[in-house]
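Shown next, in C-alpha cells, is the structure this report addresses.
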Amino acid sequence: MALIIPKRYKLKLLPETTELAIMTLKEDFQHRLAKELNLRRVTAPLFVLTGTGINDDLNGTERSVKFPIKCMGDRKAEVVHSLAKWKRMKLGAYGIAPGYGLYTDMNAIRSDEELDNLHSLYVDQWDWELTIREEDRTLAYLKSVVNRIYAVVKEMEMDIYSKFPHITPILPEQITFLHAEELLQMYPHLTPKEREAEASKKYGAIFIMGIGSNLSNGEPHDGRAPDYDDWTTPNEEGYLGLNGDIVLWNPILECPFEISSMGIRVDKAALLRQLELKNCMERTQLEFHRALLEDRIPLSIGGGIGQSRLCMFLLQKAHIGEVQASIWPEEQIAECAKHHIMLL
C-alpha cells in the first residue's frame with residue numbers, strides 16, 4: 001500500500017500526550033481482555049529455535065530474522081512471526097482447563113514488510129489462546145468470542161472519549177459477520193482488498209470468516225499457514241472455515257483496517273488436511289505437529305490483536321509511526337512531517 005496522506009489531517013494529540021495515552025490504553029485494554037476471556041498473562045520468547053515448527057508461517061512467504069547461537073555450536077534461532085503454536089503448547093504444559101487461557105506481549109521483526117501507514121518492521125500484539133472443548137469447535141462459539149473482544153474495543157473507545165472529548169467515537173454498536181465467499185458474491189469483480197474496503201466502509205466493523213480456503217473462484221481471500229487456524233472444516237452456515245479477521249473502517253485513511261487475525265485452531269483432521277493441501281506433509285515430523293497429532297496439546301481458539309494498530313485507530317492517528325518507534329525511509333519521514341504527521 002502506498003503512503004496515504006489524509007486531506008485536512010489534524011493532529012489531535014501532541015507526541016508527549018500521545019505517549020501517556022498509549023501507556024494507559026495498553027494497560028487498560030490487556031486487563032479488560034484478560035477479564036473478559038479468562039486469560040492469565042505469561043512471559044513469551046522473542047525468538048525460537050529454527051527447525052522445530054514452532055514459529056509461524058503467516059502467509060508462507062515472509063522470511064524470519066535468523067541468527068546463530070555461539071554457545072550452541074552456531075545452531076540457528078529465529079525471531080518469532082507470531083506465537084500461535086507456542087501459546088497452544090503452553091496451554092498443554094500448564095494444564096489450562098477449557099474456558100480459560102493465557103495472553104502475552106508478542107514482539108516481532110518482519111523485515112519483508114512494505115513500510116506505509118499501517119505496516120512497520122516492528123510488530124507488537126497481544127497474543128492470546130484459550131482452551132476449548134470439542135463441542136466448542138463451531139462458528140457460533142467463534143462469533144461469541146469475536147463479540148466479546150469487540151465489546152472490549154468499544155469500551156476502550158469510550159474511555160478515550162472520556163479522557164479526550166475531541167476524539168469522538170466512530171465504531172458501530174455491533175460487528176458484522178461475513179464469510180469470504182459472501183464477500184466474493186457481493187463484489188464479484190473486485191479484488192479481496194477492494195471487497196474488504198467496500199464491506200468495512202458499509203458496516204464500519206466486520207469479521208471476515210474462512211480466510212485461507214479456496215473460494216468459488218478458485219482463489220483464497222488471503223493466505224493462511226496450514227498448521228494453526230482451521231480454514232477447511234465445514235461450518236454450520238454451509239461454508240468452510242472456523243477463523244477470520246477483524247477489520248474496521250478507518251475514516252482517517254479511508255481504508256480497511258485489520259486489527260486482529262484469529263480463529264479456532266486445527267484439530268488432527270484439519271491439520272493433516274491442510275498440510276496435504278499445502279504440500280507440506282513433512283511437517284508432521286516437527287515438534288509442534290507431533291505433539292498435536294499425539295494429543296499432547298489441547299484444542300484451542302486464539303489470535304493476535306495489534307497493539308500499535310489498536311492505539312493508532314482509537315487515537316485517530318494517520319500513521320502507525322505516530323504510536324510506535326521504528327525505522328522508516330527518509331523520504332517517508334519527510335513527507336509525513338510536511339503534513340504534520342509526527343513520527344515517534
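Every chain in the C-alpha cells has a letter given in the order shown (A, B, ...), and although residue numbers restart at 1 in each chain, ligands are simply numbered from 1 in the order shown.
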
Practice problem: For range 176-189 of chain A, list every protein, DNA or RNA residue within 8 Å, evaluated using only C-alpha atoms, and leave out those in the same chain fewer than 3 positions away; present the list as a ChimeraX atom specification. | Solution: /A:143,192,195-196,199,203,205-211,215-216,221,239

Filtering to N, CA and C atoms, could you give me those residues as a PDB file, in the first residue's frame?
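This is the output file part_12.pdb:
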```pdb
ATOM      1  N   LYS A 143     -17.977 -16.801  16.878  1.00  0.00           N
ATOM      2  CA  LYS A 143     -18.637 -15.492  16.849  1.00  0.00           C
ATOM      3  C   LYS A 143     -18.809 -14.925  18.259  1.00  0.00           C
ATOM      4  N   PRO A 192      -9.779  -9.013  -3.385  1.00  0.00           N
ATOM      5  CA  PRO A 192     -10.090  -9.214  -1.965  1.00  0.00           C
ATOM      6  C   PRO A 192      -9.960  -7.950  -1.126  1.00  0.00           C
ATOM      7  N   ARG A 195     -12.817  -5.700  -1.807  1.00  0.00           N
ATOM      8  CA  ARG A 195     -14.032  -6.207  -1.144  1.00  0.00           C
ATOM      9  C   ARG A 195     -14.033  -5.806   0.334  1.00  0.00           C
ATOM     10  N   GLU A 196     -12.877  -5.965   0.984  1.00  0.00           N
ATOM     11  CA  GLU A 196     -12.767  -5.569   2.386  1.00  0.00           C
ATOM     12  C   GLU A 196     -13.086  -4.090   2.557  1.00  0.00           C
ATOM     13  N   ALA A 199     -16.958  -3.487   2.114  1.00  0.00           N
ATOM     14  CA  ALA A 199     -17.763  -4.020   3.216  1.00  0.00           C
ATOM     15  C   ALA A 199     -17.482  -3.286   4.526  1.00  0.00           C
ATOM     16  N   TYR A 203     -20.292  -1.251   6.719  1.00  0.00           N
ATOM     17  CA  TYR A 203     -20.724  -1.702   8.046  1.00  0.00           C
ATOM     18  C   TYR A 203     -19.936  -1.073   9.200  1.00  0.00           C
ATOM     19  N   ALA A 205     -17.484  -2.122  10.949  1.00  0.00           N
ATOM     20  CA  ALA A 205     -16.665  -3.147  11.589  1.00  0.00           C
ATOM     21  C   ALA A 205     -17.162  -4.513  11.118  1.00  0.00           C
ATOM     22  N   ILE A 206     -16.257  -5.326  10.570  1.00  0.00           N
ATOM     23  CA  ILE A 206     -16.648  -6.641  10.054  1.00  0.00           C
ATOM     24  C   ILE A 206     -15.682  -7.713  10.545  1.00  0.00           C
ATOM     25  N   PHE A 207     -16.187  -8.927  10.586  1.00  0.00           N
ATOM     26  CA  PHE A 207     -15.339 -10.098  10.836  1.00  0.00           C
ATOM     27  C   PHE A 207     -15.456 -10.985   9.605  1.00  0.00           C
ATOM     28  N   ILE A 208     -14.356 -11.121   8.872  1.00  0.00           N
ATOM     29  CA  ILE A 208     -14.349 -11.902   7.632  1.00  0.00           C
ATOM     30  C   ILE A 208     -13.918 -13.325   7.953  1.00  0.00           C
ATOM     31  N   MET A 209     -14.798 -14.295   7.695  1.00  0.00           N
ATOM     32  CA  MET A 209     -14.550 -15.687   8.068  1.00  0.00           C
ATOM     33  C   MET A 209     -14.046 -16.507   6.883  1.00  0.00           C
ATOM     34  N   GLY A 210     -13.415 -17.627   7.203  1.00  0.00           N
ATOM     35  CA  GLY A 210     -12.996 -18.575   6.177  1.00  0.00           C
ATOM     36  C   GLY A 210     -11.804 -18.123   5.360  1.00  0.00           C
ATOM     37  N   ILE A 211     -10.862 -17.434   5.973  1.00  0.00           N
ATOM     38  CA  ILE A 211      -9.689 -16.947   5.242  1.00  0.00           C
ATOM     39  C   ILE A 211      -8.641 -18.061   5.152  1.00  0.00           C
ATOM     40  N   LEU A 215     -12.110 -20.090  -2.557  1.00  0.00           N
ATOM     41  CA  LEU A 215     -13.499 -19.697  -2.736  1.00  0.00           C
ATOM     42  C   LEU A 215     -14.015 -20.225  -4.068  1.00  0.00           C
ATOM     43  N   SER A 216     -15.231 -19.855  -4.443  1.00  0.00           N
ATOM     44  CA  SER A 216     -15.835 -20.395  -5.664  1.00  0.00           C
ATOM     45  C   SER A 216     -15.094 -19.961  -6.925  1.00  0.00           C
ATOM     46  N   HIS A 221      -9.319 -15.869  -0.164  1.00  0.00           N
ATOM     47  CA  HIS A 221      -9.416 -14.432   0.111  1.00  0.00           C
ATOM     48  C   HIS A 221      -8.050 -13.876   0.484  1.00  0.00           C
ATOM     49  N   TYR A 239     -20.356 -23.010   4.810  1.00  0.00           N
ATOM     50  CA  TYR A 239     -19.082 -22.588   4.238  1.00  0.00           C
ATOM     51  C   TYR A 239     -17.935 -23.351   4.902  1.00  0.00           C
TER      52      TYR A 239
END
```

For range 79-190 of chain A against range 63-71 of chain A, with a cut-off of 8 Å and counting only C-alpha atoms, what is the closest atom pair and its distance in Å to one decimal for every residue that makes the cut, ordered by chain and number, as a tab-separated table?
```
residue	atom	partner	partner_atom	distance
A:Val79	CA	A:Val65	CA	5.4
A:Val80	CA	A:Ser64	CA	7.3
A:His81	CA	A:Ser64	CA	7.0
A:Ile109	CA	A:Val65	CA	7.0
A:Arg110	CA	A:Ser64	CA	6.9
A:Ser111	CA	A:Val65	CA	7.3
A:Asp112	CA	A:Arg63	CA	6.7
```

Kindly save the residues from that selection, with all heavy atoms included, as a PDB file, in the first residue's frame.
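Dumped everything to part15.pdb:
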```
ATOM      1  N   VAL A  79      13.666 -14.961  15.074  1.00  0.00           N
ATOM      2  CA  VAL A  79      12.696 -14.096  15.747  1.00  0.00           C
ATOM      3  C   VAL A  79      11.292 -14.550  15.357  1.00  0.00           C
ATOM      4  O   VAL A  79      11.029 -14.855  14.187  1.00  0.00           O
ATOM      5  CB  VAL A  79      12.917 -12.620  15.349  1.00  0.00           C
ATOM      6  CG1 VAL A  79      11.861 -11.722  15.980  1.00  0.00           C
ATOM      7  CG2 VAL A  79      14.316 -12.171  15.769  1.00  0.00           C
ATOM      8  N   VAL A  80      10.403 -14.611  16.323  1.00  0.00           N
ATOM      9  CA  VAL A  80       9.055 -15.125  16.065  1.00  0.00           C
ATOM     10  C   VAL A  80       8.301 -14.209  15.102  1.00  0.00           C
ATOM     11  O   VAL A  80       8.512 -12.996  15.085  1.00  0.00           O
ATOM     12  CB  VAL A  80       8.254 -15.278  17.379  1.00  0.00           C
ATOM     13  CG1 VAL A  80       8.896 -16.314  18.277  1.00  0.00           C
ATOM     14  CG2 VAL A  80       8.107 -13.948  18.101  1.00  0.00           C
ATOM     15  N   HIS A  81       7.424 -14.825  14.302  1.00  0.00           N
ATOM     16  CA  HIS A  81       6.469 -14.066  13.494  1.00  0.00           C
ATOM     17  C   HIS A  81       5.200 -13.827  14.300  1.00  0.00           C
ATOM     18  O   HIS A  81       4.596 -12.765  14.262  1.00  0.00           O
ATOM     19  CB  HIS A  81       6.113 -14.836  12.216  1.00  0.00           C
ATOM     20  CG  HIS A  81       7.071 -14.593  11.101  1.00  0.00           C
ATOM     21  ND1 HIS A  81       7.400 -15.558  10.181  1.00  0.00           N
ATOM     22  CD2 HIS A  81       7.780 -13.503  10.753  1.00  0.00           C
ATOM     23  CE1 HIS A  81       8.257 -15.054   9.303  1.00  0.00           C
ATOM     24  NE2 HIS A  81       8.498 -13.819   9.635  1.00  0.00           N
ATOM     25  N   ILE A 109       9.915  -8.949  14.479  1.00  0.00           N
ATOM     26  CA  ILE A 109      10.529  -8.154  13.423  1.00  0.00           C
ATOM     27  C   ILE A 109      10.150  -8.799  12.097  1.00  0.00           C
ATOM     28  O   ILE A 109      10.425  -9.984  11.882  1.00  0.00           O
ATOM     29  CB  ILE A 109      12.066  -8.116  13.551  1.00  0.00           C
ATOM     30  CG1 ILE A 109      12.479  -7.526  14.900  1.00  0.00           C
ATOM     31  CG2 ILE A 109      12.680  -7.311  12.404  1.00  0.00           C
ATOM     32  CD1 ILE A 109      13.963  -7.672  15.192  1.00  0.00           C
ATOM     33  N   ARG A 110       9.495  -8.041  11.248  1.00  0.00           N
ATOM     34  CA  ARG A 110       9.106  -8.564   9.937  1.00  0.00           C
ATOM     35  C   ARG A 110       9.794  -7.727   8.860  1.00  0.00           C
ATOM     36  O   ARG A 110       9.290  -6.699   8.422  1.00  0.00           O
ATOM     37  CB  ARG A 110       7.581  -8.559   9.788  1.00  0.00           C
ATOM     38  CG  ARG A 110       6.918  -9.504  10.793  1.00  0.00           C
ATOM     39  CD  ARG A 110       5.411  -9.567  10.655  1.00  0.00           C
ATOM     40  NE  ARG A 110       4.824 -10.409  11.687  1.00  0.00           N
ATOM     41  CZ  ARG A 110       3.523 -10.472  11.952  1.00  0.00           C
ATOM     42  NH1 ARG A 110       2.675  -9.733  11.253  1.00  0.00           N
ATOM     43  NH2 ARG A 110       3.065 -11.273  12.896  1.00  0.00           N
ATOM     44  N   SER A 111      10.957  -8.202   8.458  1.00  0.00           N
ATOM     45  CA  SER A 111      11.823  -7.412   7.581  1.00  0.00           C
ATOM     46  C   SER A 111      11.311  -7.316   6.148  1.00  0.00           C
ATOM     47  O   SER A 111      11.794  -6.497   5.371  1.00  0.00           O
ATOM     48  CB  SER A 111      13.235  -8.004   7.575  1.00  0.00           C
ATOM     49  OG  SER A 111      13.205  -9.360   7.149  1.00  0.00           O
ATOM     50  N   ASP A 112      10.330  -8.147   5.773  1.00  0.00           N
ATOM     51  CA  ASP A 112       9.801  -8.121   4.409  1.00  0.00           C
ATOM     52  C   ASP A 112       8.619  -7.171   4.234  1.00  0.00           C
ATOM     53  O   ASP A 112       8.073  -7.063   3.140  1.00  0.00           O
ATOM     54  CB  ASP A 112       9.363  -9.533   3.980  1.00  0.00           C
ATOM     55  CG  ASP A 112      10.545 -10.441   3.709  1.00  0.00           C
ATOM     56  OD1 ASP A 112      11.659  -9.922   3.532  1.00  0.00           O
ATOM     57  OD2 ASP A 112      10.361 -11.670   3.673  1.00  0.00           O
TER      58      ASP A 112
END
```

Quiz item: Looking at A:Gly263, A:Pro251, A:Gly241, A:Gly303, which one is nearest to Leu142 in chain A, with distances taken over only C-alpha atoms?
Solution: A:Gly263

Practice problem: Choose the residue, out of A:Pro298, A:Glu258, A:Glu219, A:Thr232, that has the smallest atom-to-atom separation from Arg273 in chain A; count only C-alpha atoms. | Solution: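 That would be A:Thr232, the residue with the smallest distance to Arg273 in chain A.
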
Exercise. Might you pull out every residue within 7 Å of range 150-160 of chain A, with only C-alpha atoms counted and same-chain residues fewer than 4 positions away left off, and present them as a list in words?
Key: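 That gives Phe29, Arg32, Leu33, Val146, Phe164, Pro169 and Leu314 of chain A.
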
Exercise. Can you check which residues of range 128-272 of chain A DSSP gives as helix (DSSP H, G or I) on the backbone and send them as a PyMOL selection string?
Key: chain A and resi 134-136+139-163+180-186+192-203+268-272

Quiz item: CA of Cys336 in chain A and CA of Ile320 in chain A are how many Å apart?
Solution: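 A separation of 11.4 Å between them.
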
Quiz item: Quick one: DSSP strand (DSSP E or B) residues in range 5-203 of chain A, as a PyMOL selection string?
Solution: chain A and resi 39-41+47-49+66-69+75-79+101-109+122-131+176-179

Keeping C-alpha atoms, export the residues of the selection given above as an mmCIF file, in the first residue's frame.
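To be explicit, this is the file written out as again.cif:
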```cif
data_model
loop_
_atom_site.group_PDB
_atom_site.id
_atom_site.type_symbol
_atom_site.label_atom_id
_atom_site.label_comp_id
_atom_site.auth_asym_id
_atom_site.auth_seq_id
_atom_site.Cartn_x
_atom_site.Cartn_y
_atom_site.Cartn_z
ATOM 1 C CA LEU A 39 -6.843 -15.163 30.484
ATOM 2 C CA ARG A 40 -3.705 -15.007 32.590
ATOM 3 C CA ARG A 41 -0.521 -13.309 31.477
ATOM 4 C CA PHE A 47 12.934 -15.990 19.352
ATOM 5 C CA VAL A 48 12.695 -19.775 18.982
ATOM 6 C CA LEU A 49 14.983 -22.458 17.553
ATOM 7 C CA LYS A 66 17.706 -15.561 11.901
ATOM 8 C CA PHE A 67 20.938 -15.578 13.895
ATOM 9 C CA PRO A 68 23.462 -18.222 15.099
ATOM 10 C CA ILE A 69 23.874 -19.091 18.794
ATOM 11 C CA ARG A 75 22.605 -23.539 15.936
ATOM 12 C CA LYS A 76 20.140 -21.138 14.323
ATOM 13 C CA ALA A 77 17.392 -19.263 16.129
ATOM 14 C CA GLU A 78 14.767 -17.031 14.539
ATOM 15 C CA VAL A 79 12.696 -14.096 15.747
ATOM 16 C CA GLY A 101 -6.400 -19.349 28.710
ATOM 17 C CA LEU A 102 -3.361 -17.117 28.523
ATOM 18 C CA TYR A 103 -2.105 -13.994 26.819
ATOM 19 C CA THR A 104 1.268 -12.390 26.296
ATOM 20 C CA ASP A 105 3.060 -9.436 24.744
ATOM 21 C CA MET A 106 4.387 -10.605 21.374
ATOM 22 C CA ASN A 107 7.158 -8.590 19.754
ATOM 23 C CA ALA A 108 8.413 -9.440 16.290
ATOM 24 C CA ILE A 109 10.529 -8.154 13.423
ATOM 25 C CA TYR A 122 8.332 -3.858 14.343
ATOM 26 C CA VAL A 123 5.195 -5.777 15.278
ATOM 27 C CA ASP A 124 3.673 -5.689 18.745
ATOM 28 C CA GLN A 125 0.490 -7.510 19.613
ATOM 29 C CA TRP A 126 -1.375 -9.211 22.395
ATOM 30 C CA ASP A 127 -1.244 -12.902 21.544
ATOM 31 C CA TRP A 128 -3.929 -14.883 23.369
ATOM 32 C CA GLU A 129 -5.025 -18.529 23.435
ATOM 33 C CA LEU A 130 -7.999 -20.211 25.108
ATOM 34 C CA THR A 131 -8.503 -23.920 25.792
ATOM 35 C CA THR A 176 -20.998 -7.636 11.207
ATOM 36 C CA PHE A 177 -20.051 -11.223 10.320
ATOM 37 C CA LEU A 178 -19.364 -12.073 6.669
ATOM 38 C CA HIS A 179 -17.814 -15.157 5.125
#
```

Practice problem: Determine, counting only C-alpha atoms, which protein, DNA and RNA residues have an atom within 10 Å of an atom of Ala140 in chain A; residues of the same chain fewer than 5 positions away are not included. Present the result as a list in words. | Solution: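 So the residues in contact are Val145, Val146, Asn235, Glu236, Glu237 and Leu242 of chain A.
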
Generate a file of the selected residues that holds all heavy atoms, formatted as an mmCIF file, in the first residue's frame.
```cif
data_model
loop_
_atom_site.group_PDB
_atom_site.id
_atom_site.type_symbol
_atom_site.label_atom_id
_atom_site.label_comp_id
_atom_site.auth_asym_id
_atom_site.auth_seq_id
_atom_site.Cartn_x
_atom_site.Cartn_y
_atom_site.Cartn_z
ATOM 1 N N VAL A 145 -16.855 -15.304 20.795
ATOM 2 C CA VAL A 145 -15.573 -14.770 21.258
ATOM 3 C C VAL A 145 -15.260 -13.449 20.544
ATOM 4 O O VAL A 145 -14.784 -12.495 21.161
ATOM 5 C CB VAL A 145 -14.443 -15.805 21.036
ATOM 6 C CG1 VAL A 145 -13.088 -15.196 21.387
ATOM 7 C CG2 VAL A 145 -14.691 -17.050 21.883
ATOM 8 N N VAL A 146 -15.541 -13.379 19.248
ATOM 9 C CA VAL A 146 -15.330 -12.138 18.495
ATOM 10 C C VAL A 146 -16.161 -11.013 19.106
ATOM 11 O O VAL A 146 -15.667 -9.891 19.292
ATOM 12 C CB VAL A 146 -15.690 -12.321 17.003
ATOM 13 C CG1 VAL A 146 -15.663 -10.979 16.276
ATOM 14 C CG2 VAL A 146 -14.738 -13.299 16.341
ATOM 15 N N ASN A 235 -18.562 -25.443 8.264
ATOM 16 C CA ASN A 235 -19.245 -24.883 9.428
ATOM 17 C C ASN A 235 -20.762 -24.942 9.251
ATOM 18 O O ASN A 235 -21.262 -25.338 8.193
ATOM 19 C CB ASN A 235 -18.766 -23.452 9.703
ATOM 20 C CG ASN A 235 -19.046 -22.504 8.538
ATOM 21 O OD1 ASN A 235 -20.159 -22.436 8.031
ATOM 22 N ND2 ASN A 235 -18.022 -21.745 8.124
ATOM 23 N N GLU A 236 -21.479 -24.526 10.274
ATOM 24 C CA GLU A 236 -22.932 -24.688 10.286
ATOM 25 C C GLU A 236 -23.658 -23.764 9.324
ATOM 26 O O GLU A 236 -24.872 -23.910 9.129
ATOM 27 C CB GLU A 236 -23.484 -24.526 11.711
ATOM 28 C CG GLU A 236 -23.121 -23.254 12.422
ATOM 29 C CD GLU A 236 -21.891 -23.397 13.323
ATOM 30 O OE1 GLU A 236 -20.899 -24.001 12.890
ATOM 31 O OE2 GLU A 236 -21.950 -22.897 14.454
ATOM 32 N N GLU A 237 -22.954 -22.831 8.709
ATOM 33 C CA GLU A 237 -23.579 -21.946 7.719
ATOM 34 C C GLU A 237 -23.336 -22.411 6.290
ATOM 35 O O GLU A 237 -23.700 -21.718 5.331
ATOM 36 C CB GLU A 237 -23.083 -20.512 7.919
ATOM 37 C CG GLU A 237 -23.553 -19.907 9.240
ATOM 38 C CD GLU A 237 -23.112 -18.468 9.421
ATOM 39 O OE1 GLU A 237 -22.413 -17.933 8.531
ATOM 40 O OE2 GLU A 237 -23.467 -17.873 10.453
ATOM 41 N N LEU A 242 -13.225 -21.921 10.254
ATOM 42 C CA LEU A 242 -13.579 -21.520 11.615
ATOM 43 C C LEU A 242 -12.617 -20.432 12.093
ATOM 44 O O LEU A 242 -12.200 -20.417 13.245
ATOM 45 C CB LEU A 242 -13.528 -22.736 12.555
ATOM 46 C CG LEU A 242 -14.508 -23.867 12.246
ATOM 47 C CD1 LEU A 242 -14.192 -25.099 13.090
ATOM 48 C CD2 LEU A 242 -15.952 -23.417 12.501
#
```
